[in-house]
$ cat run-v1.txt   # compact mmCIF, N, CA and C atoms and all ligand atoms
# COMPACT_ATOMS: atom_id res chain seq x y z
N MET A 1 -5.38 -7.13 20.15
CA MET A 1 -4.27 -6.46 19.42
C MET A 1 -3.27 -7.51 18.97
N THR A 2 -3.08 -7.64 17.69
CA THR A 2 -2.17 -8.66 17.17
C THR A 2 -1.00 -8.05 16.40
N ASP A 3 -0.76 -6.76 16.64
CA ASP A 3 0.37 -6.10 15.97
C ASP A 3 1.66 -6.83 16.31
N ILE A 4 2.37 -7.28 15.29
CA ILE A 4 3.58 -8.08 15.48
C ILE A 4 4.67 -7.29 16.22
N THR A 5 4.63 -5.97 16.12
CA THR A 5 5.67 -5.16 16.78
C THR A 5 5.39 -4.99 18.28
N THR A 6 4.16 -5.31 18.74
CA THR A 6 3.86 -5.10 20.15
C THR A 6 3.44 -6.38 20.86
N THR A 7 3.17 -7.44 20.11
CA THR A 7 2.72 -8.68 20.74
C THR A 7 3.90 -9.39 21.42
N PRO A 8 3.74 -9.76 22.71
CA PRO A 8 4.85 -10.46 23.37
C PRO A 8 5.19 -11.77 22.65
N SER A 9 6.46 -12.12 22.67
CA SER A 9 6.91 -13.29 21.92
C SER A 9 6.87 -14.57 22.76
N VAL A 10 6.62 -14.44 24.07
CA VAL A 10 6.73 -15.62 24.94
C VAL A 10 5.77 -16.74 24.55
N LYS A 11 4.60 -16.38 24.05
CA LYS A 11 3.60 -17.39 23.73
C LYS A 11 4.06 -18.29 22.58
N THR A 12 4.63 -17.67 21.57
CA THR A 12 5.00 -18.43 20.37
C THR A 12 6.47 -18.84 20.37
N GLY A 13 7.28 -18.18 21.20
CA GLY A 13 8.71 -18.44 21.16
C GLY A 13 9.39 -17.81 19.97
N VAL A 14 8.63 -17.01 19.19
CA VAL A 14 9.22 -16.34 18.03
C VAL A 14 9.83 -15.02 18.48
N LYS A 15 11.02 -14.72 17.98
CA LYS A 15 11.67 -13.45 18.35
C LYS A 15 10.86 -12.28 17.80
N PRO A 16 10.72 -11.18 18.58
CA PRO A 16 9.98 -10.01 18.06
C PRO A 16 10.74 -9.40 16.89
N GLU A 17 9.98 -8.91 15.91
CA GLU A 17 10.59 -8.23 14.78
C GLU A 17 11.17 -6.90 15.26
N ARG A 18 12.26 -6.50 14.67
CA ARG A 18 12.76 -5.15 14.88
C ARG A 18 11.80 -4.18 14.20
N PRO A 19 11.44 -3.04 14.86
CA PRO A 19 10.56 -2.07 14.18
C PRO A 19 11.22 -1.57 12.90
N ARG A 20 10.43 -1.44 11.85
CA ARG A 20 10.99 -0.98 10.58
C ARG A 20 11.48 0.46 10.70
N LEU A 21 12.61 0.75 10.08
CA LEU A 21 13.12 2.12 10.09
C LEU A 21 12.51 2.89 8.92
N HIS A 22 12.45 4.20 9.11
CA HIS A 22 11.87 5.06 8.08
C HIS A 22 12.90 6.07 7.59
N LYS A 23 12.92 6.25 6.25
CA LYS A 23 13.86 7.18 5.64
C LYS A 23 13.27 8.59 5.68
N VAL A 24 14.13 9.57 5.97
CA VAL A 24 13.76 10.98 5.75
C VAL A 24 14.34 11.35 4.39
N ILE A 25 13.48 11.87 3.51
CA ILE A 25 13.86 12.16 2.14
C ILE A 25 13.73 13.66 1.86
N LEU A 26 14.77 14.21 1.27
CA LEU A 26 14.79 15.62 0.86
C LEU A 26 14.39 15.72 -0.61
N LEU A 27 13.42 16.59 -0.90
CA LEU A 27 12.96 16.78 -2.28
C LEU A 27 13.49 18.10 -2.83
N ASN A 28 13.91 18.07 -4.08
CA ASN A 28 14.36 19.31 -4.73
C ASN A 28 13.17 20.22 -5.05
N ASP A 29 13.46 21.51 -5.12
CA ASP A 29 12.49 22.47 -5.66
C ASP A 29 13.31 23.57 -6.35
N ASP A 30 12.63 24.47 -7.06
CA ASP A 30 13.34 25.48 -7.85
C ASP A 30 13.56 26.79 -7.10
N TYR A 31 13.12 26.90 -5.85
CA TYR A 31 13.08 28.20 -5.19
C TYR A 31 13.93 28.30 -3.92
N THR A 32 14.02 27.22 -3.16
CA THR A 32 14.77 27.31 -1.90
C THR A 32 16.26 27.51 -2.20
N PRO A 33 16.89 28.53 -1.61
CA PRO A 33 18.32 28.74 -1.87
C PRO A 33 19.16 27.55 -1.37
N ARG A 34 20.19 27.20 -2.15
CA ARG A 34 21.06 26.08 -1.77
C ARG A 34 21.62 26.24 -0.36
N ALA A 35 22.08 27.46 -0.06
CA ALA A 35 22.70 27.69 1.25
C ALA A 35 21.70 27.45 2.39
N PHE A 36 20.43 27.76 2.13
CA PHE A 36 19.43 27.53 3.19
C PHE A 36 19.21 26.04 3.41
N VAL A 37 19.18 25.26 2.34
CA VAL A 37 19.03 23.80 2.47
C VAL A 37 20.18 23.25 3.32
N VAL A 38 21.38 23.71 3.03
CA VAL A 38 22.56 23.26 3.79
C VAL A 38 22.42 23.63 5.27
N THR A 39 21.95 24.84 5.54
CA THR A 39 21.77 25.29 6.93
C THR A 39 20.78 24.38 7.67
N VAL A 40 19.67 24.04 7.00
CA VAL A 40 18.66 23.19 7.64
C VAL A 40 19.22 21.79 7.89
N LEU A 41 19.93 21.25 6.92
CA LEU A 41 20.50 19.89 7.09
C LEU A 41 21.48 19.88 8.26
N LYS A 42 22.28 20.93 8.40
CA LYS A 42 23.25 21.00 9.51
C LYS A 42 22.52 21.10 10.85
N ALA A 43 21.49 21.94 10.89
CA ALA A 43 20.80 22.20 12.16
C ALA A 43 19.93 21.02 12.59
N GLU A 44 19.18 20.43 11.66
CA GLU A 44 18.17 19.42 12.04
C GLU A 44 18.73 18.01 12.01
N PHE A 45 19.79 17.79 11.22
CA PHE A 45 20.29 16.42 11.09
C PHE A 45 21.75 16.29 11.51
N HIS A 46 22.26 17.34 12.17
CA HIS A 46 23.61 17.32 12.76
C HIS A 46 24.67 16.91 11.75
N MET A 47 24.54 17.43 10.54
CA MET A 47 25.56 17.16 9.52
C MET A 47 26.62 18.24 9.54
N GLY A 48 27.82 17.87 9.10
CA GLY A 48 28.86 18.87 8.86
C GLY A 48 28.60 19.54 7.52
N GLU A 49 29.35 20.62 7.27
CA GLU A 49 29.17 21.41 6.04
C GLU A 49 29.30 20.54 4.78
N GLU A 50 30.32 19.70 4.74
CA GLU A 50 30.57 18.92 3.52
C GLU A 50 29.46 17.91 3.24
N GLN A 51 29.07 17.20 4.27
CA GLN A 51 28.01 16.19 4.08
C GLN A 51 26.70 16.87 3.70
N ALA A 52 26.38 17.98 4.39
CA ALA A 52 25.14 18.71 4.09
C ALA A 52 25.15 19.21 2.65
N HIS A 53 26.30 19.69 2.20
CA HIS A 53 26.41 20.18 0.82
C HIS A 53 26.24 19.03 -0.17
N ARG A 54 26.82 17.87 0.14
CA ARG A 54 26.68 16.70 -0.75
C ARG A 54 25.22 16.25 -0.86
N VAL A 55 24.54 16.20 0.28
CA VAL A 55 23.13 15.76 0.29
C VAL A 55 22.28 16.76 -0.50
N MET A 56 22.51 18.06 -0.25
CA MET A 56 21.75 19.09 -0.96
C MET A 56 21.96 18.96 -2.47
N MET A 57 23.23 18.78 -2.90
CA MET A 57 23.52 18.70 -4.34
C MET A 57 22.94 17.43 -4.96
N THR A 58 22.90 16.35 -4.20
CA THR A 58 22.29 15.11 -4.71
C THR A 58 20.80 15.34 -4.97
N ALA A 59 20.11 15.98 -4.03
CA ALA A 59 18.68 16.29 -4.23
C ALA A 59 18.52 17.26 -5.40
N HIS A 60 19.40 18.24 -5.47
CA HIS A 60 19.34 19.25 -6.55
C HIS A 60 19.47 18.59 -7.92
N ARG A 61 20.39 17.63 -8.04
CA ARG A 61 20.66 17.01 -9.36
C ARG A 61 19.71 15.88 -9.69
N ARG A 62 19.35 15.07 -8.66
CA ARG A 62 18.57 13.85 -8.93
C ARG A 62 17.10 13.99 -8.58
N GLY A 63 16.76 15.06 -7.83
CA GLY A 63 15.36 15.29 -7.46
C GLY A 63 15.03 14.91 -6.04
N VAL A 64 15.74 13.89 -5.52
CA VAL A 64 15.53 13.45 -4.13
C VAL A 64 16.85 12.95 -3.55
N CYS A 65 16.94 12.97 -2.22
CA CYS A 65 18.09 12.34 -1.56
C CYS A 65 17.66 11.84 -0.18
N VAL A 66 18.07 10.62 0.16
CA VAL A 66 17.82 10.11 1.51
C VAL A 66 18.77 10.84 2.46
N VAL A 67 18.18 11.43 3.51
CA VAL A 67 18.95 12.22 4.47
C VAL A 67 19.45 11.35 5.62
N ALA A 68 18.56 10.49 6.15
CA ALA A 68 18.89 9.68 7.32
C ALA A 68 17.76 8.67 7.54
N VAL A 69 17.98 7.70 8.41
CA VAL A 69 16.91 6.77 8.79
C VAL A 69 16.74 6.76 10.31
N PHE A 70 15.47 6.69 10.73
CA PHE A 70 15.11 6.72 12.15
C PHE A 70 13.90 5.81 12.35
N THR A 71 13.50 5.62 13.59
CA THR A 71 12.20 5.00 13.84
C THR A 71 11.12 5.93 13.27
N LYS A 72 9.94 5.38 13.04
CA LYS A 72 8.86 6.13 12.34
C LYS A 72 8.59 7.48 12.99
N ASP A 73 8.38 7.48 14.31
CA ASP A 73 8.00 8.72 15.01
C ASP A 73 9.08 9.78 14.87
N ILE A 74 10.34 9.38 15.03
CA ILE A 74 11.44 10.35 14.96
C ILE A 74 11.60 10.86 13.54
N ALA A 75 11.51 9.96 12.56
CA ALA A 75 11.64 10.38 11.16
C ALA A 75 10.56 11.40 10.82
N GLU A 76 9.33 11.14 11.23
CA GLU A 76 8.23 12.06 10.92
C GLU A 76 8.41 13.40 11.63
N ALA A 77 8.83 13.35 12.89
CA ALA A 77 9.03 14.61 13.64
C ALA A 77 10.14 15.45 13.01
N LYS A 78 11.22 14.80 12.59
CA LYS A 78 12.34 15.56 12.00
C LYS A 78 11.96 16.11 10.62
N ALA A 79 11.23 15.32 9.84
CA ALA A 79 10.81 15.79 8.52
C ALA A 79 9.89 17.01 8.66
N THR A 80 8.98 16.95 9.63
CA THR A 80 8.06 18.07 9.86
C THR A 80 8.82 19.31 10.32
N LYS A 81 9.75 19.13 11.25
CA LYS A 81 10.51 20.27 11.79
C LYS A 81 11.35 20.93 10.69
N ALA A 82 12.00 20.11 9.87
CA ALA A 82 12.86 20.64 8.80
C ALA A 82 12.01 21.34 7.72
N THR A 83 10.85 20.76 7.40
CA THR A 83 9.95 21.38 6.43
C THR A 83 9.44 22.72 6.96
N ASP A 84 9.10 22.75 8.25
CA ASP A 84 8.60 23.99 8.88
C ASP A 84 9.65 25.10 8.88
N ALA A 85 10.93 24.72 9.00
CA ALA A 85 12.01 25.73 8.98
C ALA A 85 11.98 26.47 7.64
N GLY A 86 11.74 25.74 6.55
CA GLY A 86 11.64 26.38 5.24
C GLY A 86 10.38 27.20 5.13
N ARG A 87 9.29 26.65 5.59
CA ARG A 87 8.00 27.36 5.49
C ARG A 87 8.03 28.70 6.22
N ARG A 88 8.71 28.73 7.38
CA ARG A 88 8.82 29.99 8.14
C ARG A 88 9.51 31.09 7.34
N LYS A 89 10.37 30.68 6.40
CA LYS A 89 11.07 31.66 5.54
C LYS A 89 10.35 31.85 4.20
N GLY A 90 9.22 31.16 4.04
CA GLY A 90 8.46 31.29 2.79
C GLY A 90 8.96 30.40 1.67
N TYR A 91 9.78 29.40 1.99
CA TYR A 91 10.31 28.48 0.96
C TYR A 91 9.48 27.20 0.90
N PRO A 92 9.42 26.57 -0.31
CA PRO A 92 8.65 25.33 -0.46
C PRO A 92 9.45 24.07 -0.11
N LEU A 93 10.55 24.23 0.59
CA LEU A 93 11.43 23.10 0.96
C LEU A 93 10.59 21.99 1.59
N LEU A 94 10.83 20.74 1.12
CA LEU A 94 9.99 19.63 1.60
C LEU A 94 10.83 18.40 1.94
N PHE A 95 10.58 17.90 3.14
CA PHE A 95 11.13 16.62 3.60
C PHE A 95 9.96 15.67 3.79
N THR A 96 10.09 14.44 3.28
CA THR A 96 9.05 13.44 3.47
C THR A 96 9.67 12.23 4.16
N THR A 97 8.83 11.23 4.47
CA THR A 97 9.36 9.98 5.04
C THR A 97 8.76 8.80 4.29
N GLU A 98 9.50 7.70 4.30
CA GLU A 98 8.92 6.44 3.81
C GLU A 98 9.62 5.26 4.48
N PRO A 99 8.88 4.16 4.67
CA PRO A 99 9.48 3.02 5.35
C PRO A 99 10.59 2.40 4.50
N GLU A 100 11.63 1.92 5.16
CA GLU A 100 12.67 1.16 4.46
C GLU A 100 12.10 -0.20 4.08
N GLU A 101 12.60 -0.75 2.97
CA GLU A 101 12.14 -2.08 2.51
C GLU A 101 12.44 -3.12 3.59
N1 LIG B 201 17.21 23.61 -6.54
C1 LIG B 201 17.44 24.68 -5.57
C2 LIG B 201 18.07 25.87 -6.28
O1 LIG B 201 18.60 25.74 -7.37
C3 LIG B 201 18.32 24.23 -4.40
C4 LIG B 201 17.74 23.06 -3.69
C5 LIG B 201 18.52 21.90 -3.52
C6 LIG B 201 16.45 23.11 -3.17
C7 LIG B 201 17.99 20.79 -2.86
C8 LIG B 201 15.91 22.00 -2.50
O2 LIG B 201 16.19 19.77 -1.72
C9 LIG B 201 16.70 20.85 -2.35
N2 LIG B 201 18.03 27.02 -5.63
$ encode --input "run-v1.txt" --output "structure tokens"
Amino acid sequence: MTDITTTPSVKTGVKPERPRLHKVILLNDDYTPRAFVVTVLKAEFHMGEEQAHRVMMTAHRRGVCVVAVFTKDIAEAKATKATDAGRRKGYPLLFTTEPEE
């Protein structure tokens, strides 16, 4: 196993890389009610009303908005949970993830 994120650094003396962070991205759609998007952002990402409304409106106007950054596993788990909250109500609300540059 030569994965740079898990290989001990003692052999080479090189400092281990910090694990890359992953963005959770909110995608706009034409069907999910604005108020529901705000509710999900508040519940899943611990945002206040104003911040959640700003993020929702950015996605609404521009098509996408970065919600937050986490380690890969946490970003994926939160994106799945937030997407599932919409699906349970029959909405196409979608959160995706991508690695930060
Ligand atoms: N565009 C939706 C509407 O007009 C609201 C919305 C905003 C949906 C942001 C998804 O990520 C989203 N009802």
$ residues_near_ligand --input "run-v1.txt" --ligand "ligand LIG 201 (chain B)" --cutoff "8 Å" --atoms "only N, CA and C atoms and all ligand atoms" --output "list in words"
Ile25, Leu26, Leu27, Asn28, Asp29, Asp30, Tyr31, Thr32, Pro33, Arg34, Ala35, Phe36, Val37, Val38, Val55, Met56, Met57, Thr58, Ala59, His60, Arg61, Gly63, Val64, Cys65, Pro92, Leu93, Leu94 and Phe95 of chain A
$ atom_distance --input "run-v1.txt" --atom1 "CA of Ala68 in chain A" --atom2 "CA of His22 in chain A"
8.4 Å
$ atom_distance --input "run-v1.txt" --atom1 "CA of Tyr91 in chain A" --atom2 "atom N of Phe70 in chain A"
24.4 Å
$ residues_around --input "run-v1.txt" --residues "Ala75 in chain A" --least-positions-apart "3" --cutoff "8 Å" --atoms "only N, CA and C atoms" --output "list in words"
Leu21, His22, Lys23, Val24, Ile25, Ala68, Val69, Phe70, Thr71, Lys72, Lys78, Ala79, Thr80, Lys81, Thr96, Thr97 and Glu98 of chain A
$ atom_distance --input "run-v1.txt" --atom1 "CA of Asp73 in chain A" --atom2 "atom C of Pro19 in chain A"
11.0 Å
$ select_by_dssp --input "run-v1.txt" --residues "chain A" --states "alpha helix (DSSP H)" --output "count of residues only"
43
$ closest_residue --input "run-v1.txt" --among "A:Glu17, A:Glu49, A:Glu101, A:Glu44" --to "Gly86 in chain A" --atoms "only C-alpha atoms"
A:Glu44
$ decode --input "run-v1.txt" --residues "range 37-48 of chain A" --atoms "all heavy atoms" --output "PDB file, in the first residue's frame"
ATOM      1  N   VAL A  37     -35.799  23.786   0.804  1.00  0.00           N
ATOM      2  CA  VAL A  37     -34.329  23.804   0.674  1.00  0.00           C
ATOM      3  C   VAL A  37     -33.720  24.472   1.910  1.00  0.00           C
ATOM      4  O   VAL A  37     -32.745  23.976   2.486  1.00  0.00           O
ATOM      5  CB  VAL A  37     -33.885  24.535  -0.613  1.00  0.00           C
ATOM      6  CG1 VAL A  37     -32.368  24.541  -0.730  1.00  0.00           C
ATOM      7  CG2 VAL A  37     -34.517  23.889  -1.845  1.00  0.00           C
ATOM      8  N   VAL A  38     -34.313  25.574   2.320  1.00  0.00           N
ATOM      9  CA  VAL A  38     -33.815  26.294   3.510  1.00  0.00           C
ATOM     10  C   VAL A  38     -33.913  25.399   4.747  1.00  0.00           C
ATOM     11  O   VAL A  38     -32.966  25.325   5.545  1.00  0.00           O
ATOM     12  CB  VAL A  38     -34.606  27.617   3.703  1.00  0.00           C
ATOM     13  CG1 VAL A  38     -34.276  28.259   5.041  1.00  0.00           C
ATOM     14  CG2 VAL A  38     -34.297  28.582   2.559  1.00  0.00           C
ATOM     15  N   THR A  39     -35.023  24.688   4.887  1.00  0.00           N
ATOM     16  CA  THR A  39     -35.205  23.791   6.042  1.00  0.00           C
ATOM     17  C   THR A  39     -34.117  22.714   6.079  1.00  0.00           C
ATOM     18  O   THR A  39     -33.555  22.427   7.136  1.00  0.00           O
ATOM     19  CB  THR A  39     -36.604  23.128   5.973  1.00  0.00           C
ATOM     20  OG1 THR A  39     -37.588  24.156   6.041  1.00  0.00           O
ATOM     21  CG2 THR A  39     -36.820  22.153   7.107  1.00  0.00           C
ATOM     22  N   VAL A  40     -33.817  22.135   4.906  1.00  0.00           N
ATOM     23  CA  VAL A  40     -32.797  21.078   4.845  1.00  0.00           C
ATOM     24  C   VAL A  40     -31.418  21.648   5.177  1.00  0.00           C
ATOM     25  O   VAL A  40     -30.647  21.037   5.934  1.00  0.00           O
ATOM     26  CB  VAL A  40     -32.798  20.402   3.457  1.00  0.00           C
ATOM     27  CG1 VAL A  40     -31.602  19.460   3.306  1.00  0.00           C
ATOM     28  CG2 VAL A  40     -34.104  19.638   3.247  1.00  0.00           C
ATOM     29  N   LEU A  41     -31.107  22.809   4.635  1.00  0.00           N
ATOM     30  CA  LEU A  41     -29.788  23.420   4.913  1.00  0.00           C
ATOM     31  C   LEU A  41     -29.641  23.700   6.410  1.00  0.00           C
ATOM     32  O   LEU A  41     -28.562  23.487   6.989  1.00  0.00           O
ATOM     33  CB  LEU A  41     -29.619  24.705   4.111  1.00  0.00           C
ATOM     34  CG  LEU A  41     -29.431  24.504   2.601  1.00  0.00           C
ATOM     35  CD1 LEU A  41     -29.546  25.843   1.867  1.00  0.00           C
ATOM     36  CD2 LEU A  41     -28.083  23.844   2.293  1.00  0.00           C
ATOM     37  N   LYS A  42     -30.704  24.165   7.054  1.00  0.00           N
ATOM     38  CA  LYS A  42     -30.648  24.452   8.495  1.00  0.00           C
ATOM     39  C   LYS A  42     -30.460  23.161   9.294  1.00  0.00           C
ATOM     40  O   LYS A  42     -29.655  23.099  10.227  1.00  0.00           O
ATOM     41  CB  LYS A  42     -31.920  25.183   8.939  1.00  0.00           C
ATOM     42  CG  LYS A  42     -31.954  26.626   8.464  1.00  0.00           C
ATOM     43  CD  LYS A  42     -33.345  27.232   8.526  1.00  0.00           C
ATOM     44  CE  LYS A  42     -33.807  27.515   9.934  1.00  0.00           C
ATOM     45  NZ  LYS A  42     -35.144  28.181   9.934  1.00  0.00           N
ATOM     46  N   ALA A  43     -31.203  22.128   8.910  1.00  0.00           N
ATOM     47  CA  ALA A  43     -31.183  20.878   9.683  1.00  0.00           C
ATOM     48  C   ALA A  43     -29.896  20.093   9.478  1.00  0.00           C
ATOM     49  O   ALA A  43     -29.312  19.574  10.442  1.00  0.00           O
ATOM     50  CB  ALA A  43     -32.383  20.019   9.298  1.00  0.00           C
ATOM     51  N   GLU A  44     -29.425  19.984   8.236  1.00  0.00           N
ATOM     52  CA  GLU A  44     -28.297  19.089   7.936  1.00  0.00           C
ATOM     53  C   GLU A  44     -26.948  19.787   8.027  1.00  0.00           C
ATOM     54  O   GLU A  44     -25.919  19.121   8.207  1.00  0.00           O
ATOM     55  CB  GLU A  44     -28.457  18.481   6.543  1.00  0.00           C
ATOM     56  CG  GLU A  44     -29.750  17.700   6.323  1.00  0.00           C
ATOM     57  CD  GLU A  44     -29.874  16.479   7.230  1.00  0.00           C
ATOM     58  OE1 GLU A  44     -28.852  16.021   7.777  1.00  0.00           O
ATOM     59  OE2 GLU A  44     -31.011  15.998   7.398  1.00  0.00           O
ATOM     60  N   PHE A  45     -26.945  21.117   7.855  1.00  0.00           N
ATOM     61  CA  PHE A  45     -25.662  21.819   7.828  1.00  0.00           C
ATOM     62  C   PHE A  45     -25.569  22.892   8.910  1.00  0.00           C
ATOM     63  O   PHE A  45     -24.663  23.731   8.891  1.00  0.00           O
ATOM     64  CB  PHE A  45     -25.420  22.407   6.434  1.00  0.00           C
ATOM     65  CG  PHE A  45     -25.352  21.336   5.375  1.00  0.00           C
ATOM     66  CD1 PHE A  45     -26.476  20.998   4.634  1.00  0.00           C
ATOM     67  CD2 PHE A  45     -24.181  20.622   5.157  1.00  0.00           C
ATOM     68  CE1 PHE A  45     -26.435  19.982   3.683  1.00  0.00           C
ATOM     69  CE2 PHE A  45     -24.127  19.609   4.208  1.00  0.00           C
ATOM     70  CZ  PHE A  45     -25.247  19.293   3.472  1.00  0.00           C
ATOM     71  N   HIS A  46     -26.513  22.858   9.851  1.00  0.00           N
ATOM     72  CA  HIS A  46     -26.485  23.739  11.030  1.00  0.00           C
ATOM     73  C   HIS A  46     -26.342  25.205  10.653  1.00  0.00           C
ATOM     74  O   HIS A  46     -25.592  25.949  11.287  1.00  0.00           O
ATOM     75  CB  HIS A  46     -25.367  23.296  11.992  1.00  0.00           C
ATOM     76  CG  HIS A  46     -25.433  21.829  12.309  1.00  0.00           C
ATOM     77  ND1 HIS A  46     -26.444  21.287  13.083  1.00  0.00           N
ATOM     78  CD2 HIS A  46     -24.669  20.798  11.901  1.00  0.00           C
ATOM     79  CE1 HIS A  46     -26.277  19.976  13.158  1.00  0.00           C
ATOM     80  NE2 HIS A  46     -25.202  19.645  12.442  1.00  0.00           N
ATOM     81  N   MET A  47     -27.051  25.601   9.613  1.00  0.00           N
ATOM     82  CA  MET A  47     -27.034  27.012   9.217  1.00  0.00           C
ATOM     83  C   MET A  47     -28.173  27.753   9.891  1.00  0.00           C
ATOM     84  O   MET A  47     -29.221  27.179  10.174  1.00  0.00           O
ATOM     85  CB  MET A  47     -27.245  27.141   7.698  1.00  0.00           C
ATOM     86  CG  MET A  47     -26.078  26.677   6.889  1.00  0.00           C
ATOM     87  SD  MET A  47     -26.410  26.945   5.139  1.00  0.00           S
ATOM     88  CE  MET A  47     -24.949  26.152   4.480  1.00  0.00           C
ATOM     89  N   GLY A  48     -27.971  29.060  10.071  1.00  0.00           N
ATOM     90  CA  GLY A  48     -29.066  29.923  10.505  1.00  0.00           C
ATOM     91  C   GLY A  48     -29.943  30.254   9.298  1.00  0.00           C
ATOM     92  O   GLY A  48     -29.573  29.960   8.151  1.00  0.00           O
TER      93      GLY A  48
END
